$ cat start.csv   # CSV, C-alpha atoms
chain,number,residue,atom,x,y,z
M,1,MET,CA,0.0,0.0,0.0
M,2,THR,CA,1.2,3.5,-0.7
M,3,LYS,CA,-0.8,6.0,1.2
M,4,THR,CA,-2.0,4.1,4.3
M,5,LEU,CA,-3.3,6.9,6.5
M,6,THR,CA,-6.4,8.7,5.2
M,7,LYS,CA,-9.2,10.8,6.7
M,8,LEU,CA,-12.6,9.2,6.8
M,9,THR,CA,-14.1,10.4,3.5
M,10,LEU,CA,-16.0,7.3,2.3
M,11,SER,CA,-19.1,6.4,0.4
M,12,THR,CA,-22.1,5.3,2.5
M,13,ALA,CA,-21.6,1.6,1.5
M,14,LEU,CA,-17.9,1.6,2.4
M,15,ALA,CA,-18.5,3.4,5.6
M,16,ALA,CA,-20.9,0.8,6.7
M,17,ALA,CA,-18.3,-1.9,6.0
M,18,LEU,CA,-15.9,-0.1,8.3
M,19,LEU,CA,-18.1,0.1,11.3
M,20,PRO,CA,-16.3,-1.1,14.5
M,21,GLY,CA,-16.7,-4.8,14.7
M,22,ALA,CA,-18.0,-5.2,11.2
M,23,ALA,CA,-17.0,-8.5,9.5
M,24,LEU,CA,-13.5,-8.2,8.0
M,25,ALA,CA,-11.5,-10.3,5.7
M,26,ALA,CA,-9.9,-13.2,7.6
M,27,ASP,CA,-6.4,-12.1,6.6
M,28,ALA,CA,-6.7,-8.4,7.4
M,29,TRP,CA,-8.2,-6.6,10.4
M,30,TYR,CA,-7.9,-3.3,8.6
M,31,PRO,CA,-9.2,-0.8,7.4
M,32,TYR,CA,-10.7,0.0,10.7
M,33,ASP,CA,-12.9,2.8,11.9
M,34,ALA,CA,-10.8,4.8,14.4
M,35,GLU,CA,-10.3,8.2,16.0
M,36,GLU,CA,-7.2,10.4,15.9
M,37,THR,CA,-6.4,12.8,18.7
M,38,THR,CA,-4.8,16.2,17.8
M,39,PRO,CA,-2.6,17.6,19.0
M,40,ALA,CA,-1.1,14.2,19.7
M,41,PHE,CA,-0.7,13.3,23.4
M,42,ALA,CA,-2.9,16.2,24.6
M,43,ALA,CA,-5.3,15.1,27.3
M,44,ASP,CA,-7.9,17.5,26.0
M,45,GLY,CA,-7.1,17.0,22.3
M,46,GLU,CA,-9.8,17.0,19.6
M,47,ARG,CA,-10.8,13.5,18.3
M,48,SER,CA,-11.6,13.1,14.6
M,49,ALA,CA,-12.6,10.1,12.5
M,50,VAL,CA,-9.9,8.4,10.5
M,51,THR,CA,-9.7,5.1,8.6
M,52,TYR,CA,-6.8,3.1,10.1
M,53,GLU,CA,-4.7,1.2,7.5
M,54,ALA,CA,-1.9,-1.1,8.7
M,55,LEU,CA,1.3,-2.0,6.8
M,56,ASP,CA,1.3,-5.2,4.8
M,57,LYS,CA,4.7,-6.4,6.1
M,58,ALA,CA,7.6,-5.1,8.0
M,59,GLU,CA,10.8,-4.5,6.0
M,60,LYS,CA,12.8,-6.5,8.5
M,61,ALA,CA,12.3,-8.7,11.6
M,62,TRP,CA,12.4,-5.9,14.2
M,63,SER,CA,12.6,-6.8,17.8
M,64,ILE,CA,9.7,-5.4,19.8
M,65,CYS,CA,9.2,-5.8,23.6
M,66,ALA,CA,5.9,-5.3,25.3
M,67,ALA,CA,5.5,-4.7,29.0
M,68,LEU,CA,2.0,-5.4,30.3
M,69,PRO,CA,0.6,-4.9,33.9
M,70,HIS,CA,-0.6,-8.5,34.3
M,71,MET,CA,-2.3,-11.5,32.6
M,72,LYS,CA,-4.9,-12.0,35.5
M,73,ASP,CA,-7.9,-11.2,33.4
M,74,ALA,CA,-9.2,-11.6,29.9
M,75,TYR,CA,-8.7,-8.0,29.0
M,76,TRP,CA,-4.9,-8.2,29.0
M,77,LEU,CA,-5.2,-11.6,27.4
M,78,GLY,CA,-6.9,-9.8,24.6
M,79,VAL,CA,-4.1,-7.3,24.4
M,80,ASP,CA,-1.6,-10.1,24.3
M,81,TYR,CA,-3.5,-11.8,21.5
M,82,GLY,CA,-3.5,-8.6,19.4
M,83,LEU,CA,0.2,-8.0,20.0
M,84,VAL,CA,1.1,-11.6,19.1
M,85,GLU,CA,-1.1,-11.8,16.0
M,86,GLU,CA,0.1,-8.5,14.6
M,87,ALA,CA,3.7,-9.4,15.2
M,88,ARG,CA,3.2,-12.6,13.3
M,89,ARG,CA,1.3,-10.9,10.5
M,90,LEU,CA,4.0,-8.2,10.0
M,91,GLY,CA,6.9,-10.6,10.5
M,92,VAL,CA,8.6,-9.1,13.5
M,93,LYS,CA,9.9,-10.5,16.7
M,94,LEU,CA,8.0,-10.0,20.0
M,95,ASN,CA,8.8,-10.5,23.6
M,96,VAL,CA,5.9,-9.9,26.1
M,97,THR,CA,6.4,-9.5,29.9
M,98,GLU,CA,3.8,-9.0,32.6
M,99,ALA,CA,4.5,-7.3,36.0
M,100,GLY,CA,2.1,-9.3,38.1
M,101,GLY,CA,-0.5,-6.6,39.0
M,102,TYR,CA,-1.0,-2.9,39.5
M,103,THR,CA,1.0,-2.9,42.8
M,104,GLU,CA,4.1,-4.0,40.9
M,105,LEU,CA,5.4,-0.7,39.5
M,106,ALA,CA,9.0,-1.5,40.4
M,107,ASN,CA,8.8,-4.8,38.6
M,108,GLN,CA,7.4,-3.2,35.4
M,109,ILE,CA,10.2,-0.6,35.4
M,110,SER,CA,12.8,-3.4,35.8
M,111,GLN,CA,11.1,-5.3,32.9
M,112,ILE,CA,11.3,-2.3,30.7
M,113,GLU,CA,15.0,-1.9,31.5
M,114,ASP,CA,15.5,-5.6,30.7
M,115,CYS,CA,13.8,-5.1,27.3
M,116,VAL,CA,16.4,-2.4,26.5
M,117,ALA,CA,19.3,-4.6,27.8
M,118,GLY,CA,17.9,-7.4,25.6
M,119,GLY,CA,18.3,-5.3,22.4
M,120,ALA,CA,14.7,-4.3,21.8
M,121,ASP,CA,14.2,-1.9,18.8
M,122,ALA,CA,10.9,-0.6,20.2
M,123,ILE,CA,9.0,-1.0,23.4
M,124,ILE,CA,5.2,-1.1,23.9
M,125,VAL,CA,4.0,-0.3,27.4
M,126,GLY,CA,0.7,-1.0,29.0
M,127,ALA,CA,1.4,1.2,32.0
M,128,ILE,CA,0.8,0.3,35.6
M,129,SER,CA,1.0,4.0,36.6
M,130,TYR,CA,0.1,7.2,34.8
M,131,ASP,CA,3.1,9.1,36.1
M,132,GLY,CA,5.3,6.4,37.6
M,133,LEU,CA,7.0,5.3,34.4
M,134,ASN,CA,8.0,8.8,33.2
M,135,ALA,CA,11.7,8.5,34.3
M,136,VAL,CA,12.3,5.1,32.6
M,137,ILE,CA,10.4,6.2,29.5
M,138,SER,CA,12.6,9.3,29.3
M,139,GLU,CA,15.7,7.1,29.7
M,140,VAL,CA,14.6,4.7,27.0
M,141,ALA,CA,13.6,7.4,24.6
M,142,GLY,CA,16.9,9.1,25.2
M,143,LYS,CA,18.6,6.0,23.8
M,144,GLY,CA,16.7,6.4,20.5
M,145,ILE,CA,14.3,3.5,21.3
M,146,PRO,CA,10.7,4.5,20.6
M,147,VAL,CA,8.1,3.8,23.3
M,148,ILE,CA,4.5,3.2,22.4
M,149,ASP,CA,1.8,3.8,25.0
M,150,VAL,CA,-0.9,1.2,24.7
M,151,VAL,CA,-4.4,1.1,26.4
M,152,ASN,CA,-3.7,2.6,29.9
M,153,GLY,CA,-2.0,5.9,29.1
M,154,VAL,CA,1.0,7.7,30.6
M,155,SER,CA,1.6,11.4,31.2
M,156,SER,CA,5.1,11.3,29.7
M,157,GLN,CA,5.7,13.4,26.6
M,158,ASP,CA,8.7,11.3,25.6
M,159,ILE,CA,6.6,8.6,24.1
M,160,ALA,CA,6.6,8.1,20.3
M,161,ALA,CA,3.0,7.1,19.9
M,162,LYS,CA,-0.2,6.2,21.7
M,163,ALA,CA,-2.6,3.4,20.7
M,164,LEU,CA,-5.5,3.8,23.1
M,165,VAL,CA,-9.0,5.2,23.6
M,166,SER,CA,-10.4,7.8,25.9
M,167,PHE,CA,-11.4,6.0,29.1
M,168,ASN,CA,-13.1,9.2,30.1
M,169,THR,CA,-15.5,8.4,27.2
M,170,MET,CA,-15.7,4.8,28.3
M,171,GLY,CA,-16.8,5.8,31.8
M,172,SER,CA,-19.0,8.5,30.4
M,173,GLU,CA,-20.9,6.0,28.2
M,174,ILE,CA,-22.1,4.0,31.2
M,175,GLY,CA,-22.8,7.2,33.2
M,176,LYS,CA,-24.9,8.5,30.3
M,177,TYR,CA,-26.9,5.3,30.2
M,178,LEU,CA,-27.8,5.7,33.8
M,179,ALA,CA,-28.5,9.4,33.6
M,180,GLU,CA,-30.8,9.0,30.7
M,181,LYS,CA,-32.7,6.2,32.3
M,182,HIS,CA,-32.9,8.0,35.7
M,183,PRO,CA,-33.1,11.8,34.9
M,184,GLU,CA,-33.4,14.6,37.4
M,185,GLY,CA,-36.8,14.6,39.0
M,186,SER,CA,-37.3,10.8,38.8
M,187,GLU,CA,-36.9,8.4,41.8
M,188,GLU,CA,-33.4,8.3,43.1
M,189,VAL,CA,-31.3,5.2,42.4
M,190,VAL,CA,-28.2,4.1,44.2
M,191,VAL,CA,-25.1,2.9,42.4
M,192,GLY,CA,-22.1,1.0,43.7
M,193,TRP,CA,-19.1,2.3,41.6
M,194,PHE,CA,-15.9,0.2,41.2
M,195,PRO,CA,-13.5,2.1,38.9
M,196,GLY,CA,-10.4,-0.1,39.4
M,197,PRO,CA,-6.9,0.4,40.9
M,198,ALA,CA,-6.3,3.9,42.3
M,199,GLY,CA,-3.7,5.9,40.5
M,200,ALA,CA,-3.9,4.2,37.2
M,201,GLY,CA,-4.5,6.7,34.4
M,202,TRP,CA,-7.3,4.8,32.8
M,203,VAL,CA,-9.1,4.4,36.1
M,204,GLU,CA,-9.0,8.1,37.0
M,205,ALA,CA,-10.1,9.0,33.5
M,206,ALA,CA,-13.1,6.6,33.6
M,207,ASN,CA,-14.0,7.8,37.1
M,208,THR,CA,-14.1,11.4,35.9
M,209,GLY,CA,-16.1,10.6,32.8
M,210,PHE,CA,-18.6,8.5,34.8
M,211,MET,CA,-19.1,11.1,37.6
M,212,ASP,CA,-19.5,14.0,35.1
M,213,ALA,CA,-22.1,12.0,33.1
M,214,VAL,CA,-24.3,11.3,36.1
M,215,ALA,CA,-24.1,14.8,37.6
M,216,GLY,CA,-27.5,16.4,37.8
M,217,SER,CA,-29.4,13.2,37.4
M,218,ALA,CA,-31.3,11.0,39.9
M,219,VAL,CA,-28.3,8.7,40.2
M,220,LYS,CA,-26.7,8.7,43.6
M,221,VAL,CA,-23.1,7.2,43.4
M,222,LEU,CA,-21.7,5.7,46.6
M,223,GLU,CA,-18.1,6.4,47.5
M,224,PRO,CA,-15.9,4.9,44.7
M,225,ARG,CA,-14.4,1.6,45.8
M,226,TYR,CA,-10.9,1.3,44.3
M,227,GLY,CA,-9.1,-2.0,44.0
M,228,ASP,CA,-6.9,-4.3,41.9
M,229,THR,CA,-8.6,-5.9,39.0
M,230,GLY,CA,-8.0,-9.4,40.3
M,231,LYS,CA,-11.3,-11.3,40.6
M,232,GLU,CA,-10.9,-12.0,44.4
M,233,ALA,CA,-10.3,-8.3,45.1
M,234,GLN,CA,-13.3,-7.1,43.1
M,235,LEU,CA,-15.5,-9.8,44.5
M,236,LYS,CA,-14.7,-8.7,48.1
M,237,LEU,CA,-15.4,-5.1,47.2
M,238,VAL,CA,-18.8,-5.9,45.7
M,239,GLU,CA,-19.8,-8.1,48.7
M,240,ASP,CA,-18.7,-5.4,51.2
M,241,VAL,CA,-20.8,-2.7,49.4
M,242,LEU,CA,-23.9,-4.9,49.1
M,243,GLN,CA,-23.6,-5.8,52.8
M,244,ALA,CA,-23.3,-2.2,53.9
M,245,ASN,CA,-25.8,-0.8,51.3
M,246,PRO,CA,-28.7,-3.2,50.7
M,247,GLU,CA,-30.5,-0.4,48.8
M,248,VAL,CA,-28.1,-0.6,45.9
M,249,ASN,CA,-29.9,-0.6,42.5
M,250,TYR,CA,-26.8,-0.9,40.2
M,251,ILE,CA,-23.3,-2.2,40.3
M,252,ALA,CA,-21.1,-0.4,37.8
M,253,GLY,CA,-17.3,-0.7,37.2
M,254,THR,CA,-14.6,-2.7,35.7
M,255,ALA,CA,-15.3,-5.8,33.6
M,256,VAL,CA,-13.9,-7.9,36.5
M,257,THR,CA,-16.3,-6.2,38.8
M,258,ALA,CA,-19.2,-7.0,36.5
M,259,GLU,CA,-18.2,-10.6,36.1
M,260,ALA,CA,-17.8,-11.1,39.8
M,261,ALA,CA,-21.0,-9.3,40.6
M,262,GLN,CA,-23.1,-11.7,38.5
M,263,GLY,CA,-22.5,-14.6,40.8
M,264,VAL,CA,-23.1,-12.5,44.0
M,265,VAL,CA,-26.3,-10.9,42.7
M,266,ARG,CA,-27.7,-14.3,41.4
M,267,ALA,CA,-26.8,-16.1,44.7
M,268,ARG,CA,-28.6,-13.5,46.7
M,269,GLY,CA,-31.7,-13.6,44.4
M,270,LEU,CA,-31.3,-9.9,43.4
M,271,MET,CA,-31.2,-10.2,39.6
M,272,ASP,CA,-34.5,-8.4,39.3
M,273,GLN,CA,-33.4,-5.6,41.7
M,274,ILE,CA,-29.8,-4.9,40.7
M,275,GLY,CA,-28.5,-4.0,37.3
M,276,ILE,CA,-24.9,-4.7,36.3
M,277,LEU,CA,-22.8,-2.4,34.0
M,278,SER,CA,-19.2,-2.6,32.9
M,279,PHE,CA,-17.3,0.3,31.3
M,280,TYR,CA,-15.2,-2.0,29.1
M,281,LEU,CA,-15.6,-5.3,27.4
M,282,THR,CA,-14.2,-8.8,28.1
M,283,PRO,CA,-15.3,-12.3,27.1
M,284,GLY,CA,-17.0,-12.7,30.5
M,285,VAL,CA,-18.9,-9.4,30.0
M,286,TRP,CA,-19.8,-10.5,26.4
M,287,THR,CA,-21.3,-13.7,27.8
M,288,GLY,CA,-23.1,-11.8,30.6
M,289,ILE,CA,-24.7,-9.5,28.0
M,290,GLU,CA,-25.6,-12.5,25.9
M,291,ARG,CA,-27.3,-14.2,28.8
M,292,GLY,CA,-29.1,-11.0,30.0
M,293,PHE,CA,-27.1,-10.8,33.3
M,294,ILE,CA,-25.1,-7.7,32.3
M,295,THR,CA,-26.9,-4.8,30.7
M,296,ALA,CA,-24.3,-3.2,28.5
M,297,ALA,CA,-20.6,-2.3,28.0
M,298,PRO,CA,-18.7,0.0,25.7
M,299,ALA,CA,-16.2,-1.8,23.5
M,300,ASP,CA,-12.7,-0.3,23.3
M,301,SER,CA,-11.5,-3.2,21.0
M,302,MET,CA,-8.4,-4.0,23.0
M,303,VAL,CA,-7.3,-6.5,20.3
M,304,ILE,CA,-7.2,-3.6,17.8
M,305,GLN,CA,-5.5,-1.2,20.1
M,306,ALA,CA,-2.7,-3.8,20.5
M,307,ARG,CA,-2.5,-4.4,16.7
M,308,MET,CA,-2.3,-0.6,16.2
M,309,ALA,CA,0.6,-0.4,18.7
M,310,VAL,CA,2.7,-3.0,16.9
M,311,ASP,CA,2.0,-1.3,13.5
M,312,GLN,CA,2.9,2.1,15.0
M,313,ALA,CA,6.2,0.7,16.3
M,314,VAL,CA,7.1,-0.7,12.9
M,315,ARG,CA,6.1,2.5,11.1
M,316,ILE,CA,8.3,4.6,13.4
M,317,LEU,CA,11.3,2.3,13.1
M,318,GLU,CA,10.9,2.3,9.3
M,319,LYS,CA,10.4,6.1,9.2
M,320,LYS,CA,6.9,5.8,7.6
M,321,ASP,CA,3.8,7.9,8.1
M,322,VAL,CA,2.2,7.2,11.4
M,323,ILE,CA,-0.8,8.5,13.3
M,324,LYS,CA,0.8,9.3,16.6
M,325,HIS,CA,-2.3,9.2,18.8
M,326,VAL,CA,-5.1,6.9,17.7
M,327,GLY,CA,-7.5,4.3,18.9
M,328,PRO,CA,-10.5,2.3,17.7
M,329,LYS,CA,-13.9,4.1,17.7
M,330,ILE,CA,-15.8,3.3,20.9
M,331,PHE,CA,-19.2,1.7,20.6
M,332,VAL,CA,-21.6,0.3,23.2
M,333,ILE,CA,-22.5,-3.4,23.0
M,334,ASN,CA,-25.8,-4.6,24.4
M,335,GLN,CA,-28.3,-7.4,23.5
M,336,ASP,CA,-29.6,-5.4,20.6
M,337,ASN,CA,-26.3,-5.3,18.6
M,338,LEU,CA,-24.4,-8.3,20.0
M,339,ALA,CA,-25.2,-10.6,17.1
M,340,ASP,CA,-24.1,-8.0,14.5
M,341,THR,CA,-20.6,-7.5,16.1
M,342,ASP,CA,-17.6,-9.5,14.9
M,343,ARG,CA,-16.3,-10.8,18.2
M,344,SER,CA,-12.8,-11.4,16.8
M,345,THR,CA,-12.1,-7.7,16.4
M,346,VAL,CA,-13.0,-6.8,20.0
M,347,LEU,CA,-12.0,-9.9,22.0
M,348,PRO,CA,-9.5,-12.8,21.9
M,349,PRO,CA,-10.6,-16.3,20.8
M,350,GLU,CA,-12.1,-18.2,23.7
M,351,ASP,CA,-9.4,-20.9,23.6
M,352,PHE,CA,-6.5,-18.4,23.5
M,353,SER,CA,-3.7,-18.9,26.1
M,354,PRO,CA,-1.0,-16.3,26.8
M,355,VAL,CA,1.9,-16.2,24.4
M,356,PHE,CA,5.1,-14.4,25.5
M,357,SER,CA,7.3,-14.8,22.5
M,358,VAL,CA,7.1,-14.5,18.7
M,359,GLU,CA,10.3,-15.4,16.8
$ encode --input "start.csv" --output "structure tokens"
Amino acid sequence: MTKTLTKLTLSTALAAALLPGAALAADAWYPYDAEETTPAFAADGERSAVTYEALDKAEKAWSICAALPHMKDAYWLGVDYGLVEEARRLGVKLNVTEAGGYTELANQISQIEDCVAGGADAIIVGAISYDGLNAVISEVAGKGIPVIDVVNGVSSQDIAAKALVSFNTMGSEIGKYLAEKHPEGSEEVVVGWFPGPAGAGWVEAANTGFMDAVAGSAVKVLEPRYGDTGKEAQLKLVEDVLQANPEVNYIAGTAVTAEAAQGVVRARGLMDQIGILSFYLTPGVWTGIERGFITAAPADSMVIQARMAVDQAVRILEKKDVIKHVGPKIFVINQDNLADTDRSTVLPPEDFSPVFSVE
């Protein structure tokens, strides 16, 4: 392909084919309906529609290293799947590390340093902390090694590119759903809100978006309950909130929260009294929506974010055109559109196991 990055100026028929999650050719995930942020890396940048086109192949077998927070839930398994499949498709080498959880910042820093010591040409980072990696990113960038920020977001301006969505928008989508269903003047509803691990950039963004969206409505949000996205941690938080607040009408939060809450709510016979919402999508949330246990979730297409990050890394290494700040277009999945969504673009295969190396 020659010109691979074009603004979205398409005929109606082609535009329909590029809707997020629309069926794609088996050998190509692109073109994909995406959003570019300008100026790049600006927290309040303007988002505009673009059609994302990836490279056909890399010019050489570049060595790329990816540092992820953990592999404890299906979300990061989906990121791993996207990284691995795109590395294989482009013909580059890939090494994936996982730090063990959002409390393991020092471990992630060490893993990034090991990536550099191992000769990585580029590094993709799913950050544990919004600010905590800035020093190591600066150090890596200073050595001429591009760092691509995937999914979670960092505040560093030394990164080479971002492949992510606005988690402010993700949180806002769920907040808007509740606010529209329970507008000001209607009967008050109580929401238990579980945004994820405190301090992570994506969590703070989602929390802000959610709280702004419900402001002025009949939605009363309990004190946010922060915690690691391990299932046990989220399960305990949900149980504690339900125990202390039997009047809760909704549980909203991370995908792990929603998955854990299904069992608790069903076991207590509260399915008709408590609604469950997630502000992002995982296989468990997909199944929950399919079965009617979870109401809705915005899809940020983590598989595509990961693919974009690998493509960005190769483009930068080969000095080709690159959209520096881009992510898949967010769309909400519920029972009405689930059957029309191509699962493979938004989630990993059900039988996918973690892969840590592509040679």
$ atom_distance --input "start.csv" --atom1 "CA of Ala163 in chain M" --atom2 "CA of Val84 in chain M"
15.5 Å
$ closest_atom_pairs --input "start.csv" --of "range 40-86 of chain M" --to "range 286-305 of chain M" --cutoff "10 Å" --atoms "all atoms listed in the file" --output "Markdown table"
| residue | atom | partner | partner_atom | distance |
| --- | --- | --- | --- | --- |
| M:Tyr75 | CA | M:Met302 | CA | 7.2 |
| M:Trp76 | CA | M:Met302 | CA | 8.1 |
| M:Leu77 | CA | M:Val303 | CA | 9.0 |
| M:Gly78 | CA | M:Val303 | CA | 5.4 |
| M:Val79 | CA | M:Val303 | CA | 5.3 |
| M:Asp80 | CA | M:Val303 | CA | 7.8 |
| M:Tyr81 | CA | M:Val303 | CA | 6.6 |
| M:Gly82 | CA | M:Val303 | CA | 4.4 |
| M:Leu83 | CA | M:Val303 | CA | 7.7 |
| M:Val84 | CA | M:Val303 | CA | 9.9 |
| M:Glu85 | CA | M:Val303 | CA | 9.2 |
| M:Glu86 | CA | M:Ile304 | CA | 9.4 |
$ residues_around --input "start.csv" --residues "Thr38 in chain M" --least-positions-apart "5" --cutoff "9 Å" --atoms "all atoms listed in the file" --output "PyMOL selection string"
chain M and resi 44-48+324-325
$ residues_near_point --input "start.csv" --point "(-12.8, 7.0, 28.3)" --cutoff "10 Å" --atoms "only C-alpha atoms" --output "JSON list (two decimals) with C-alpha atoms, in the frame of the given file"
[["chain", "number", "residue", "atom", "x", "y", "z"],
["M", 164, "LEU", "CA", -5.50, 3.80, 23.10],
["M", 165, "VAL", "CA", -9.00, 5.20, 23.60],
["M", 166, "SER", "CA", -10.40, 7.80, 25.90],
["M", 167, "PHE", "CA", -11.40, 6.00, 29.10],
["M", 168, "ASN", "CA", -13.10, 9.20, 30.10],
["M", 169, "THR", "CA", -15.50, 8.40, 27.20],
["M", 170, "MET", "CA", -15.70, 4.80, 28.30],
["M", 171, "GLY", "CA", -16.80, 5.80, 31.80],
["M", 172, "SER", "CA", -19.00, 8.50, 30.40],
["M", 173, "GLU", "CA", -20.90, 6.00, 28.20],
["M", 202, "TRP", "CA", -7.30, 4.80, 32.80],
["M", 203, "VAL", "CA", -9.10, 4.40, 36.10],
["M", 204, "GLU", "CA", -9.00, 8.10, 37.00],
["M", 205, "ALA", "CA", -10.10, 9.00, 33.50],
["M", 206, "ALA", "CA", -13.10, 6.60, 33.60],
["M", 207, "ASN", "CA", -14.00, 7.80, 37.10],
["M", 208, "THR", "CA", -14.10, 11.40, 35.90],
["M", 209, "GLY", "CA", -16.10, 10.60, 32.80],
["M", 210, "PHE", "CA", -18.60, 8.50, 34.80],
["M", 279, "PHE", "CA", -17.30, 0.30, 31.30],
["M", 280, "TYR", "CA", -15.20, -2.00, 29.10],
["M", 298, "PRO", "CA", -18.70, 0.00, 25.70],
["M", 300, "ASP", "CA", -12.70, -0.30, 23.30],
["M", 330, "ILE", "CA", -15.80, 3.30, 20.90]]
$ closest_residue --input "start.csv" --among "M:Ala54, M:Ala261, M:Ala74, M:Leu281" --to "Glu350 in chain M" --atoms "all atoms listed in the file"
M:Ala74
$ residues_near_point --input "start.csv" --point "(12.5, -2.1, 29.3)" --cutoff "12 Å" --atoms "only C-alpha atoms" --output "VMD selection string"
chain M and resid 64 to 68 95 to 99 106 to 127 133 135 to 141 143 145 to 148
$ atom_distance --input "start.csv" --atom1 "CA of Arg225 in chain M" --atom2 "CA of Ile276 in chain M"
15.5 Å
$ closest_residue --input "start.csv" --among "M:Arg343, M:Lys57, M:Lys176, M:Arg307" --to "Val151 in chain M" --atoms "all atoms listed in the file"
M:Arg307
$ closest_residue --input "start.csv" --among "M:Asp342, M:Asn249, M:Gly199, M:Gly192" --to "Leu237 in chain M" --atoms "only C-alpha atoms"
M:Gly192
$ atom_distance --input "start.csv" --atom1 "CA of Ala255 in chain M" --atom2 "CA of Gly196 in chain M"
9.5 Å
